[in-house]
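Undergrad: Dropping a structure here in structure tokens format, bear with me for questions.
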Amino acid sequence: MKTTFRFSILFHLFACLFLATACSDDTLPATTDPGTEQPETAPDALHDKTREKPYPKADNELYINPSPFIVPQAMKTGDKLQFAFSQSKDFPDTETTVSTPRQWCMYNPHQTLKSGIWHWRFRSVGNNGTEQPWSDTYSFEVKDETPKFVTPTFETFIKNAPRTHPRLFCFLDNGLEQARRNVKSHPEYKQLTGRAQTALNTDYSLLPNPYDEAAKIKNSVQHLYQAYHLIQDKKYADKLHEILTILLSCPVSDSQLFASNFGATDIAISFIEIYDLLYNELTPEEKLGIEDLLMRVSRFYFQSNCGRQENHIFDNHFWQHNMRVLFQAYFILYDKATYTEEILPMLEYYYEIWSARAPASGFNRDGIWHNGTGYIATNIKTLYYIPSLFAYVTRSDFLKHPWYLNAGKALVYTSPPHSKSIGFGDGSESGNEPSRVLAAFADFLAKENTDPYSGWYADQCKELVLQDYEFRLYRMIRTQSYTTELPSNAPKLIWYKDAGEVAIHTHLANPEQDMAIGFRSSTFASGSHTVANQNCFNLLYKGVDVYRSSGYYQNFSDAHNLMSYRHTRAHNTILVNGIGQPYSLKGYGNITRAMGGDHISYCLGDASHAYSGISDDPMWVSAFATAGITQIPENGFGKTPLTKYLRHLLVLHPHTLVIYDELEASEAVRWDWLLHSPTRFTIEKNTTATENSSKGFKTTVHQFSDSPFEFSQTDRFVVPPATPAPDQWHLTATYTPCAQNRILTIIQITPDSEQAPAIVRTGDGFQCGDWNIQAVLSPTQPSELIVTNRTNSTIFSYSPDNPLIDGSVYLRKSPRSSLLYDESNGRYGVTEQTDYTPASTRATNY
């Protein structure tokens with residue numbers, strides 16, 4: 001039902017005055033800022049996989065102040081690049097900073113930039129000093145509200161860097177002696193010595209080629225390193241020396257050293273740690289053997305990485321492991337006279353690339369892992385080690401980057417204690433609780449950033465913390481306590497604007513009552529470990545899956561992965577004529593609105609540009625060819641006539657989820673609305689349900705539309721997993737072809753001890769217990785979704801009309817806004833939003 005309000009100027013003024021006091025938005029969460037209208041013409045992508053234009057430019061909103069300057073590798077036409085930047089377009093000498101020419105394609109200002117317009121340019125320079133002409137001038141704006149985070153110069157780092165060994169964990173030197181005195185009374189002493197004893201008991205001389213077991217050896221070396229560093233028992237040092245002797249007696253060829261992406265660094269880290277810890281005991285020949293191998297690895301990867309990594313959106317293996325190990329190699333060799341001249345530029349490059357592009361790509365301030373919740377664990381060791389080392393050496397806190405300040409809270413909301421993850425991407429469905437390294441990371445953040453969310457998380461997962469070995473040396477030295485109380489004002493909804501996700505919880509602190517929802521519509525689209533799932537949601541209750549993305553992550557790119565795990569058909573979103581989204585940064589989405597109070601949480605995803613054709617990324621083209629799959633409509637790939645896909649998602653606390661889909665195409669298409677469950681669906685007309693007997697709850701799904709549809713289900717995958725795995729059930733609501741469609745879905749979770757309220761429909765009105773939902777389902781009418789509650793004053797309104805709030809008219813600031821009047825912190829207030837335009841790393845005027 002729609003009502004149009006007409007009123008006099010006097011009533012207009014009265015309403016404004018009334019609502020200025022009664023409907024202040026000050027009480028609602030800070031995540032609900034208004035945003036701005038989206039441009040009419042959206043770019044074909046918001047990120048480049050490999051940078052094609054210099055960054056930043058006028059149409060790139062900055063993520064951080066200062067921003068790095070990045071030049072595409074193809075635009076570097078000499079041996080080195082030199083940068084100049086100024087607030088004057090004429091670049092006068094007295095007002096311009098000019099960098100020293102370097103081999104790489106980036107420059108970090110290492111100083112806060114004043115608000116206003118800035119101009120920059122670059123030029124290529126030869127090793128002989130020959131200077132090419134300056135490039136075009138690029139301009140960008142620094143805004144007052146841009147988060148500020150400044151890293152010290154490399155000169156500061158190298159000036160303060162230690163000259164003695166061991167140095168890899170110099171940031172733990174303060175407190176080391178005390179930890180050694182108390183080591184036997186530490187609760188993790190037995191775990192420390194137990195893992196080291198396993199290494200002591202292993203006879204590595206029996207290995208035909210030790211480099212074939214490099215990954216296992218590196219773990220043994222790590223355990224022995226930790227034990228010797230803390231306990232100082234010579235038997236651990238002797239075992240490390242024994243391992244070194246075996247490795248040096250078996251020369252490794254380049255073909256084996258560089259056979260795989262992790263191979264060289266898995267080998268190198270064992271040499272690095274032994275060299276560092278036993279430096280004063282090693283013979284000159286042993287040192288030379290180690291140094292030769294490390295220089296081979298260093299030269300190979302510096303040549304490969306320099307210029308490329310700063311321009312790549314996110315090379316997973318580089319950031320999760322290789323970058324850290326390479327930096328450690330340079331860090332132990334930089335002051336050795338034989339190598340200093342060659343090593344220092346390498347050390348500087350990796351310091352600068354971290355400053356420019358870390359953490360989490362450098363274009364993500366959210367604390368959530370943009371490349372999929374399932375893959376943050378593989379990055380944790382680097383995310384802990386590098387900022388700890390840099391902070392200690394430079395005397396500047398690298399953990400004050402916005403990403404780190406938000407990381408503990410992101411763990412709480414996306415990988416909650418005693419629950420499966422609510423997130424997305426490769427491997428995110430695995431495990432029934434957080435991994436031990438996530439728990440240990442929370443403990444680290446709680447100590448270093450005094451973050452209460454991290455402290456609560458670590459306390460909830462304290463048994464997992466004690467099982468972790470990656471942070472064990474840190475924990476046995478850093479024993480300070482921290483608060484373990486979850487903040488009383490913890491919101492029910494968190495919006496990750498940069499990563500493109502929303503997390504919602506009804507009872508965050510109590511997993512046995514919590515209904516949790518993850519929603520994704522991301523500008524990072526479908527990359528390496530993210531999947532083609534824009535406008536997808538996961539629904540959990542009591543820590544287990546209710547409706548979740550389906551399939552099994554057994555292989556990165558086999559036929560099951562490509563067709564039944566990564567493909568859009570495996571997720572809780574839609575298909576258009578049976579076609580999904582490409583595996584490409586062009587298949588992006590965006591969360592344009594999100595807000596919440598005590599009674600309603602709301603978000604809006606726009607996947608209108610996500611169904612953009614086939615995957616043209618060479619990596620995926622090769623994967624399809626290897627798997628024998630062609631990207632044709634019959635396989636779910638191709639162009640679609642989709643023009644609009646807006647998904648409104650509301651949680652009516654505590655147990656009801658409402659989804660309102662606006663779908664449009666330039667011609668009639670078949671719409672397939674998808675839902676996936678670990679258990680079988682029961683279907684009756686427009687209603688379907690699943691049941692979890694072990695956890696004691698039932699979930700009912702009611703779907704409504706003016707377009708005819710039928711439910712169907714299967715427990716078969718298009719391509720089954722290579723290794724047999726439990727069945728999953730795939731529900732499809734198939735709609736008779738039409739060019740426009742509106743779909744309202746109401747999902748109710750009901751504990752066995754309760755009865756779900758009946759859904760009573762009257763036209764476009766749906767009564768659900770105390771909730772009244774008004775949803776315009778006719779595509780010929782303007783879209784509208786209004787939700788009210790008969791026992792409290794809560795109102796949600798997505799409508800062209802002005803709503804009544806507590807008996808008075810609220811005047812919208814925008815005719816198509818989303819508006820929420822809800823309680824937060826004991827007070828009611830209004831939040832109104834129009835579409836948020838995300839920051840982009842890609843110039844939109846391509």
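A note on labels: chains of the structure tokens are A, B, ... as shown, every chain counts residues from 1, and ligands are counted from 1 in their shown order.
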Excluding Arg167 in chain A and residues on its chain fewer than 2 positions from it, collect all residues at most 9 Å away from it, counting only C-alpha atoms, and give them as an NGL selection string.
TA: :A and (162-165 or 169-171 or 173 or 276-277 or 331-332)
Undergrad: Once you have the residues from the selection above, write them out as a short mmCIF file (atom, residue, chain, number, x, y, z; two decimals), in the first residue's frame, restricted to all heavy atoms.
TA:
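This went into out-v6.cif:
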```cif
data_model
loop_
_atom_site.label_atom_id
_atom_site.label_comp_id
_atom_site.auth_asym_id
_atom_site.auth_seq_id
_atom_site.Cartn_x
_atom_site.Cartn_y
_atom_site.Cartn_z
N PRO A 162 69.34 -3.92 13.29
CA PRO A 162 70.38 -4.55 14.10
C PRO A 162 71.53 -5.07 13.25
O PRO A 162 71.36 -5.43 12.09
CB PRO A 162 69.63 -5.69 14.79
CG PRO A 162 68.47 -5.98 13.91
CD PRO A 162 68.08 -4.68 13.30
N ARG A 163 72.70 -5.11 13.86
CA ARG A 163 73.91 -5.61 13.19
C ARG A 163 74.42 -6.90 13.83
O ARG A 163 75.49 -7.39 13.47
CB ARG A 163 75.01 -4.56 13.23
CG ARG A 163 75.06 -3.60 12.04
CD ARG A 163 73.91 -2.64 11.97
NE ARG A 163 74.07 -1.67 10.88
CZ ARG A 163 73.14 -0.80 10.54
NH1 ARG A 163 71.98 -0.75 11.18
NH2 ARG A 163 73.35 0.05 9.54
N THR A 164 73.69 -7.44 14.77
CA THR A 164 74.13 -8.67 15.44
C THR A 164 73.10 -9.77 15.19
O THR A 164 71.99 -9.52 14.71
CB THR A 164 74.26 -8.45 16.96
OG1 THR A 164 73.00 -8.02 17.49
CG2 THR A 164 75.32 -7.40 17.26
N HIS A 165 73.50 -11.00 15.51
CA HIS A 165 72.62 -12.16 15.39
C HIS A 165 72.45 -12.80 16.76
O HIS A 165 73.37 -12.72 17.59
CB HIS A 165 73.21 -13.18 14.42
CG HIS A 165 73.25 -12.74 12.99
ND1 HIS A 165 72.19 -12.86 12.14
CD2 HIS A 165 74.24 -12.15 12.26
CE1 HIS A 165 72.52 -12.39 10.95
NE2 HIS A 165 73.77 -11.94 11.01
N PHE A 169 63.95 -12.17 15.21
CA PHE A 169 62.89 -11.83 16.16
C PHE A 169 63.38 -10.78 17.16
O PHE A 169 63.06 -10.82 18.34
CB PHE A 169 62.40 -13.08 16.88
CG PHE A 169 61.66 -14.03 15.97
CD1 PHE A 169 62.34 -15.02 15.29
CD2 PHE A 169 60.30 -13.90 15.76
CE1 PHE A 169 61.68 -15.88 14.43
CE2 PHE A 169 59.63 -14.75 14.90
CZ PHE A 169 60.31 -15.74 14.24
N CYS A 170 64.13 -9.80 16.63
CA CYS A 170 64.64 -8.74 17.49
C CYS A 170 63.53 -7.97 18.19
O CYS A 170 63.75 -7.42 19.27
CB CYS A 170 65.53 -7.79 16.69
SG CYS A 170 64.73 -7.05 15.24
N PHE A 171 62.34 -7.97 17.60
CA PHE A 171 61.23 -7.25 18.23
C PHE A 171 60.76 -7.94 19.52
O PHE A 171 59.92 -7.38 20.24
CB PHE A 171 60.06 -7.09 17.25
CG PHE A 171 59.55 -8.37 16.63
CD1 PHE A 171 58.57 -9.12 17.25
CD2 PHE A 171 60.05 -8.80 15.41
CE1 PHE A 171 58.09 -10.29 16.68
CE2 PHE A 171 59.57 -9.97 14.82
CZ PHE A 171 58.60 -10.72 15.46
N ASP A 173 63.17 -9.03 21.73
CA ASP A 173 64.33 -8.99 22.62
C ASP A 173 63.98 -8.41 23.98
O ASP A 173 64.49 -8.87 25.01
CB ASP A 173 65.45 -8.15 21.99
CG ASP A 173 66.17 -8.91 20.88
OD1 ASP A 173 65.89 -10.12 20.70
OD2 ASP A 173 67.00 -8.30 20.17
N ASP A 276 70.81 -17.45 11.12
CA ASP A 276 70.57 -16.40 12.11
C ASP A 276 70.89 -16.87 13.52
O ASP A 276 71.55 -16.18 14.28
CB ASP A 276 69.10 -15.96 12.02
CG ASP A 276 68.77 -14.84 12.98
OD1 ASP A 276 69.46 -13.79 12.93
OD2 ASP A 276 67.84 -14.99 13.79
N LEU A 277 70.41 -18.05 13.87
CA LEU A 277 70.53 -18.51 15.25
C LEU A 277 71.93 -19.02 15.57
O LEU A 277 72.42 -18.85 16.70
CB LEU A 277 69.50 -19.62 15.50
CG LEU A 277 69.15 -19.91 16.96
CD1 LEU A 277 68.61 -18.67 17.64
CD2 LEU A 277 68.12 -21.03 17.04
N PHE A 331 67.35 -9.40 5.19
CA PHE A 331 67.54 -8.83 6.52
C PHE A 331 68.74 -9.43 7.24
O PHE A 331 69.39 -8.75 8.04
CB PHE A 331 66.25 -9.04 7.32
CG PHE A 331 66.23 -8.35 8.65
CD1 PHE A 331 66.44 -6.98 8.76
CD2 PHE A 331 65.97 -9.08 9.82
CE1 PHE A 331 66.39 -6.35 10.00
CE2 PHE A 331 65.93 -8.45 11.06
CZ PHE A 331 66.15 -7.08 11.15
N ILE A 332 69.05 -10.69 6.97
CA ILE A 332 70.21 -11.28 7.63
C ILE A 332 71.50 -11.09 6.84
O ILE A 332 72.59 -11.33 7.36
CB ILE A 332 70.00 -12.79 7.93
CG1 ILE A 332 69.87 -13.60 6.65
CG2 ILE A 332 68.82 -13.00 8.87
CD1 ILE A 332 69.94 -15.10 6.87
#
```
Undergrad: I'd like to know which residues of range 402-617 of chain A are alpha helix (DSSP H) (by DSSP, run on the backbone); could you write them as a VMD selection string?
TA: chain A and resid 402 to 414 436 to 449 452 to 460 462 to 467 472 to 477 559 to 564
Undergrad: Limited to C-alpha atoms, could you put the picked residues into a file as a PDB file, in the first residue's frame?
TA:
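Output file out-v1.pdb is given in full below:
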```
ATOM      1  CA  PRO A 402      43.212   0.996   9.664  1.00  0.00           C
ATOM      2  CA  TRP A 403      43.153  -2.632   8.541  1.00  0.00           C
ATOM      3  CA  TYR A 404      44.869  -3.800  11.737  1.00  0.00           C
ATOM      4  CA  LEU A 405      42.694  -1.567  13.907  1.00  0.00           C
ATOM      5  CA  ASN A 406      39.626  -3.289  12.422  1.00  0.00           C
ATOM      6  CA  ALA A 407      41.025  -6.822  12.158  1.00  0.00           C
ATOM      7  CA  GLY A 408      40.003  -8.066  15.620  1.00  0.00           C
ATOM      8  CA  LYS A 409      36.427  -6.935  15.144  1.00  0.00           C
ATOM      9  CA  ALA A 410      36.379  -8.557  11.701  1.00  0.00           C
ATOM     10  CA  LEU A 411      37.448 -11.882  13.224  1.00  0.00           C
ATOM     11  CA  VAL A 412      34.597 -11.673  15.724  1.00  0.00           C
ATOM     12  CA  TYR A 413      31.953 -11.017  13.080  1.00  0.00           C
ATOM     13  CA  THR A 414      33.119 -13.185  10.165  1.00  0.00           C
ATOM     14  CA  ARG A 436      44.049 -21.983  15.920  1.00  0.00           C
ATOM     15  CA  VAL A 437      46.140 -19.429  14.032  1.00  0.00           C
ATOM     16  CA  LEU A 438      43.154 -17.038  13.864  1.00  0.00           C
ATOM     17  CA  ALA A 439      42.736 -17.392  17.613  1.00  0.00           C
ATOM     18  CA  ALA A 440      46.453 -16.725  18.089  1.00  0.00           C
ATOM     19  CA  PHE A 441      46.229 -13.667  15.829  1.00  0.00           C
ATOM     20  CA  ALA A 442      43.433 -12.324  18.034  1.00  0.00           C
ATOM     21  CA  ASP A 443      45.644 -12.814  21.091  1.00  0.00           C
ATOM     22  CA  PHE A 444      48.398 -10.869  19.310  1.00  0.00           C
ATOM     23  CA  LEU A 445      46.051  -8.015  18.354  1.00  0.00           C
ATOM     24  CA  ALA A 446      44.627  -7.858  21.860  1.00  0.00           C
ATOM     25  CA  LYS A 447      48.113  -7.384  23.295  1.00  0.00           C
ATOM     26  CA  GLU A 448      49.501  -5.022  20.694  1.00  0.00           C
ATOM     27  CA  ASN A 449      46.444  -2.867  19.937  1.00  0.00           C
ATOM     28  CA  PRO A 452      38.621  -5.479  23.260  1.00  0.00           C
ATOM     29  CA  TYR A 453      37.102  -7.451  20.366  1.00  0.00           C
ATOM     30  CA  SER A 454      40.378  -9.324  19.916  1.00  0.00           C
ATOM     31  CA  GLY A 455      40.635  -9.907  23.662  1.00  0.00           C
ATOM     32  CA  TRP A 456      37.145 -11.372  23.868  1.00  0.00           C
ATOM     33  CA  TYR A 457      37.799 -13.523  20.811  1.00  0.00           C
ATOM     34  CA  ALA A 458      41.086 -14.893  22.143  1.00  0.00           C
ATOM     35  CA  ASP A 459      39.505 -15.638  25.523  1.00  0.00           C
ATOM     36  CA  GLN A 460      36.593 -17.457  23.883  1.00  0.00           C
ATOM     37  CA  LYS A 462      41.831 -19.835  24.553  1.00  0.00           C
ATOM     38  CA  GLU A 463      42.237 -23.579  24.040  1.00  0.00           C
ATOM     39  CA  LEU A 464      42.853 -22.979  20.348  1.00  0.00           C
ATOM     40  CA  VAL A 465      45.371 -20.257  21.172  1.00  0.00           C
ATOM     41  CA  LEU A 466      47.438 -22.703  23.217  1.00  0.00           C
ATOM     42  CA  GLN A 467      47.447 -25.204  20.335  1.00  0.00           C
ATOM     43  CA  ARG A 472      54.342 -19.561  20.374  1.00  0.00           C
ATOM     44  CA  LEU A 473      57.648 -17.718  20.661  1.00  0.00           C
ATOM     45  CA  TYR A 474      55.731 -14.432  20.784  1.00  0.00           C
ATOM     46  CA  ARG A 475      53.293 -15.660  23.455  1.00  0.00           C
ATOM     47  CA  MET A 476      56.007 -17.113  25.679  1.00  0.00           C
ATOM     48  CA  ILE A 477      57.752 -13.740  25.733  1.00  0.00           C
ATOM     49  CA  ALA A 559      36.151 -29.535 -13.105  1.00  0.00           C
ATOM     50  CA  HIS A 560      34.171 -29.667  -9.831  1.00  0.00           C
ATOM     51  CA  ASN A 561      35.696 -26.378  -8.722  1.00  0.00           C
ATOM     52  CA  LEU A 562      34.988 -24.658 -12.034  1.00  0.00           C
ATOM     53  CA  MET A 563      31.444 -25.965 -12.464  1.00  0.00           C
ATOM     54  CA  SER A 564      30.047 -26.702  -9.013  1.00  0.00           C
TER      55      SER A 564
END
```
Undergrad: Determine, for each residue of range 485-576 of chain A having at least one atom at most 12 Å from an atom of range 645-648 of chain A, the closest pair of atoms and their separation in Å to one decimal, counting only C-alpha atoms; order by chain and ascending number, as a Markdown table.
TA:
```
| residue | atom | partner | partner_atom | distance |
| --- | --- | --- | --- | --- |
| A:Phe519 | CA | A:Arg647 | CA | 10.2 |
| A:Arg520 | CA | A:Arg647 | CA | 10.7 |
| A:Ser521 | CA | A:Arg647 | CA | 9.7 |
| A:Gln534 | CA | A:Tyr645 | CA | 9.9 |
| A:Asn535 | CA | A:Arg647 | CA | 6.6 |
| A:Cys536 | CA | A:Arg647 | CA | 9.1 |
| A:Phe537 | CA | A:Arg647 | CA | 10.3 |
| A:Asn572 | CA | A:Arg647 | CA | 11.6 |
| A:Thr573 | CA | A:Arg647 | CA | 9.2 |
| A:Ile574 | CA | A:Tyr645 | CA | 9.1 |
| A:Leu575 | CA | A:Tyr645 | CA | 10.8 |
| A:Val576 | CA | A:Tyr645 | CA | 10.3 |
```
Undergrad: Extract, using only C-alpha atoms, all DNA, RNA and protein residues at most 9 Å from range 240-248 of chain A, discarding same-chain residues fewer than 6 positions from it, and format them as a PyMOL selection string.
TA: chain A and resi 204-205+209-211+217+220-221+224-225+270-271+274+278+282+286+289-290
Undergrad: Please identify the strand (DSSP E) residues within range 557-641 of chain A (assignment by DSSP from backbone atoms) and present them as a PyMOL selection string.
TA: chain A and resi 574-576+590-596+600-606
Undergrad: Identify which of the residues A:His47, A:Lys639, A:Arg324, A:His312 lies closest to Asp498 in chain A, counting only C-alpha atoms when measuring atom-to-atom distances.
TA: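 When distances to Asp498 in chain A are compared using only C-alpha atoms, the smallest one comes from A:His47.
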Undergrad: Quick one, how far is CA of Thr137 in chain A from CA of Glu348 in chain A?
TA: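 These two atoms are separated by 26.4 Å.
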Undergrad: For Phe697 in chain A, work out the shell of residues within 7 Å, counting only C-alpha atoms and skipping chain neighbours fewer than 2 positions away, then give it as a PyMOL selection string.
TA: chain A and resi 691-693+695+699+749-752
Undergrad: Could the residues in this selection be written to a file with N, CA and C atoms, as a PDB file, in the first residue's frame?
TA:
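Result went into result.pdb, see below:
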```pdb
ATOM      1  N   GLU A 691      15.338 -28.974   7.984  1.00  0.00           N
ATOM      2  CA  GLU A 691      15.343 -29.219   9.426  1.00  0.00           C
ATOM      3  C   GLU A 691      16.727 -29.704   9.855  1.00  0.00           C
ATOM      4  N   ASN A 692      17.181 -29.207  11.016  1.00  0.00           N
ATOM      5  CA  ASN A 692      18.419 -29.675  11.617  1.00  0.00           C
ATOM      6  C   ASN A 692      18.050 -30.363  12.925  1.00  0.00           C
ATOM      7  N   SER A 693      18.004 -31.683  12.886  1.00  0.00           N
ATOM      8  CA  SER A 693      17.539 -32.438  14.058  1.00  0.00           C
ATOM      9  C   SER A 693      18.565 -32.434  15.181  1.00  0.00           C
ATOM     10  N   LYS A 695      20.713 -30.005  16.012  1.00  0.00           N
ATOM     11  CA  LYS A 695      20.723 -28.710  16.695  1.00  0.00           C
ATOM     12  C   LYS A 695      19.330 -28.271  17.132  1.00  0.00           C
ATOM     13  N   THR A 699      13.843 -24.462   9.475  1.00  0.00           N
ATOM     14  CA  THR A 699      13.909 -23.229   8.701  1.00  0.00           C
ATOM     15  C   THR A 699      12.891 -23.311   7.573  1.00  0.00           C
ATOM     16  N   ILE A 749      13.613 -18.934  10.956  1.00  0.00           N
ATOM     17  CA  ILE A 749      14.260 -19.999  11.723  1.00  0.00           C
ATOM     18  C   ILE A 749      13.496 -20.166  13.032  1.00  0.00           C
ATOM     19  N   THR A 750      13.144 -21.407  13.344  1.00  0.00           N
ATOM     20  CA  THR A 750      12.332 -21.672  14.531  1.00  0.00           C
ATOM     21  C   THR A 750      12.946 -22.793  15.357  1.00  0.00           C
ATOM     22  N   PRO A 751      13.359 -22.525  16.598  1.00  0.00           N
ATOM     23  CA  PRO A 751      13.790 -23.619  17.483  1.00  0.00           C
ATOM     24  C   PRO A 751      12.655 -24.616  17.683  1.00  0.00           C
ATOM     25  N   ASP A 752      12.998 -25.874  17.948  1.00  0.00           N
ATOM     26  CA  ASP A 752      11.988 -26.920  18.092  1.00  0.00           C
ATOM     27  C   ASP A 752      10.960 -26.605  19.166  1.00  0.00           C
TER      28      ASP A 752
END
```
Undergrad: Which residue gives the smallest distance to Phe709 in chain A among A:Phe398, A:Tyr821, A:Tyr138, A:Trp673, with only C-alpha atoms counted?
TA: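 Smallest separation from Phe709 in chain A among the options: A:Trp673.
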Undergrad: List the spatial neighbours of Phe91 in chain A as a list in words - criterion: any atom at most 10 Å away, only C-alpha atoms, same-chain residues fewer than 5 positions off excluded.
TA: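 Neighbouring residues, sequence-local ones excluded: Ala84, Phe85, Ser86, Thr96, Thr97, Val98, His119, Trp120, Arg121 and Thr137 of chain A.
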Undergrad: Deliver the residues from the most recent selection as a file, using N, CA and C atoms, as a PDB file, in the first residue's frame.
TA:
```pdb
ATOM      1  N   ALA A  84      57.863  12.924  -9.101  1.00  0.00           N
ATOM      2  CA  ALA A  84      57.778  14.288  -8.578  1.00  0.00           C
ATOM      3  C   ALA A  84      56.331  14.570  -8.222  1.00  0.00           C
ATOM      4  N   PHE A  85      56.118  15.229  -7.074  1.00  0.00           N
ATOM      5  CA  PHE A  85      54.744  15.590  -6.702  1.00  0.00           C
ATOM      6  C   PHE A  85      54.732  16.948  -6.010  1.00  0.00           C
ATOM      7  N   SER A  86      53.617  17.651  -6.211  1.00  0.00           N
ATOM      8  CA  SER A  86      53.513  19.017  -5.718  1.00  0.00           C
ATOM      9  C   SER A  86      52.053  19.421  -5.676  1.00  0.00           C
ATOM     10  N   THR A  96      58.166  21.304  -4.651  1.00  0.00           N
ATOM     11  CA  THR A  96      58.065  19.989  -5.284  1.00  0.00           C
ATOM     12  C   THR A  96      59.016  19.009  -4.625  1.00  0.00           C
ATOM     13  N   THR A  97      58.512  17.818  -4.368  1.00  0.00           N
ATOM     14  CA  THR A  97      59.349  16.718  -3.890  1.00  0.00           C
ATOM     15  C   THR A  97      59.709  15.841  -5.081  1.00  0.00           C
ATOM     16  N   VAL A  98      60.996  15.582  -5.272  1.00  0.00           N
ATOM     17  CA  VAL A  98      61.487  14.744  -6.365  1.00  0.00           C
ATOM     18  C   VAL A  98      62.219  13.557  -5.757  1.00  0.00           C
ATOM     19  N   HIS A 119      49.398  17.143  -7.586  1.00  0.00           N
ATOM     20  CA  HIS A 119      49.788  16.805  -8.946  1.00  0.00           C
ATOM     21  C   HIS A 119      51.075  15.986  -8.886  1.00  0.00           C
ATOM     22  N   TRP A 120      51.176  15.001  -9.779  1.00  0.00           N
ATOM     23  CA  TRP A 120      52.395  14.193  -9.800  1.00  0.00           C
ATOM     24  C   TRP A 120      52.715  13.734 -11.215  1.00  0.00           C
ATOM     25  N   ARG A 121      53.956  13.354 -11.393  1.00  0.00           N
ATOM     26  CA  ARG A 121      54.419  12.869 -12.688  1.00  0.00           C
ATOM     27  C   ARG A 121      55.638  11.976 -12.450  1.00  0.00           C
ATOM     28  N   THR A 137      50.990  14.925 -16.506  1.00  0.00           N
ATOM     29  CA  THR A 137      50.729  15.244 -15.101  1.00  0.00           C
ATOM     30  C   THR A 137      49.393  14.633 -14.684  1.00  0.00           C
TER      31      THR A 137
END
```
Undergrad: Find, counting only C-alpha atoms, the residue in A:Ile117, A:Ile795, A:Val701, A:Ile70 that gets nearest to Ile759 in chain A.
TA: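 With only C-alpha atoms as the atom set, the closest residue is A:Val701.
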Undergrad: Just checking: using only C-alpha atoms, which residue out of A:Tyr660, A:Tyr351, A:Tyr236, A:Tyr469 ends up closest to Thr394 in chain A?
TA: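 Smallest distance to Thr394 in chain A is found for A:Tyr351.
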Undergrad: How close does range 563-642 of chain A get to range 724-730 of chain A? List, as JSON lines, each residue of range 563-642 of chain A within 10 Å, its nearest atom pair and the distance in Å to one decimal, counting only C-alpha atoms.
TA:
```
{"residue": "A:Arg569", "atom": "CA", "partner": "A:His730", "partner_atom": "CA", "distance": 9.0}
{"residue": "A:Ala570", "atom": "CA", "partner": "A:His730", "partner_atom": "CA", "distance": 8.1}
{"residue": "A:His571", "atom": "CA", "partner": "A:His730", "partner_atom": "CA", "distance": 9.3}
{"residue": "A:Asn572", "atom": "CA", "partner": "A:His730", "partner_atom": "CA", "distance": 9.5}
```
Undergrad: Would you write out those residues with all heavy atoms, as a compact mmCIF listing (two decimals), in the first residue's frame?
TA:
```txt
# COMPACT_ATOMS: atom_id res chain seq x y z
N ARG A 569 26.20 -20.91 -9.83
CA ARG A 569 25.15 -21.88 -9.51
C ARG A 569 25.36 -22.52 -8.14
O ARG A 569 24.43 -23.11 -7.58
CB ARG A 569 25.09 -22.98 -10.58
CG ARG A 569 26.32 -23.87 -10.64
CD ARG A 569 26.07 -25.09 -11.53
NE ARG A 569 25.74 -24.74 -12.89
CZ ARG A 569 26.61 -24.63 -13.89
NH1 ARG A 569 27.91 -24.83 -13.65
NH2 ARG A 569 26.23 -24.31 -15.10
N ALA A 570 26.57 -22.40 -7.59
CA ALA A 570 26.87 -23.01 -6.29
C ALA A 570 26.57 -22.09 -5.12
O ALA A 570 26.81 -22.46 -3.97
CB ALA A 570 28.34 -23.42 -6.25
N HIS A 571 25.99 -20.92 -5.39
CA HIS A 571 25.83 -19.91 -4.33
C HIS A 571 24.38 -19.43 -4.23
O HIS A 571 23.58 -19.63 -5.15
CB HIS A 571 26.79 -18.75 -4.61
CG HIS A 571 28.19 -19.22 -4.82
ND1 HIS A 571 29.02 -19.56 -3.78
CD2 HIS A 571 28.90 -19.46 -5.96
CE1 HIS A 571 30.17 -19.98 -4.27
NE2 HIS A 571 30.13 -19.94 -5.58
N ASN A 572 24.08 -18.81 -3.13
CA ASN A 572 22.71 -18.36 -2.86
C ASN A 572 22.48 -17.00 -3.50
O ASN A 572 22.38 -15.96 -2.84
CB ASN A 572 22.48 -18.29 -1.35
CG ASN A 572 22.60 -19.65 -0.70
OD1 ASN A 572 22.25 -20.67 -1.28
ND2 ASN A 572 23.10 -19.69 0.53
```
Undergrad: At a cut-off of 10 Å, using only C-alpha atoms, what residues contact Leu81 in chain A? Leave out same-chain residues fewer than 3 positions from it and give the result as a list of chain:residue names.
TA: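 Neighbouring residues, sequence-local ones excluded: A:Val71, A:Met75, A:Lys76, A:Thr77, A:Gly78, A:Ser99, A:Thr100, A:Pro101, A:Arg102, A:Gln103, A:Trp104, A:Cys105, A:Met106, A:Tyr107, A:Phe122, A:Arg123, A:Ser124, A:Val125, A:Gly126, A:Glu131, A:Gln132.
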Undergrad: Quick one: residues within 10 Å of Asp44 in chain A, only C-alpha atoms, excluding same-chain residues fewer than 6 positions away - as a ChimeraX atom specification?
TA: /A:585-588,609-610,612,842,844,846
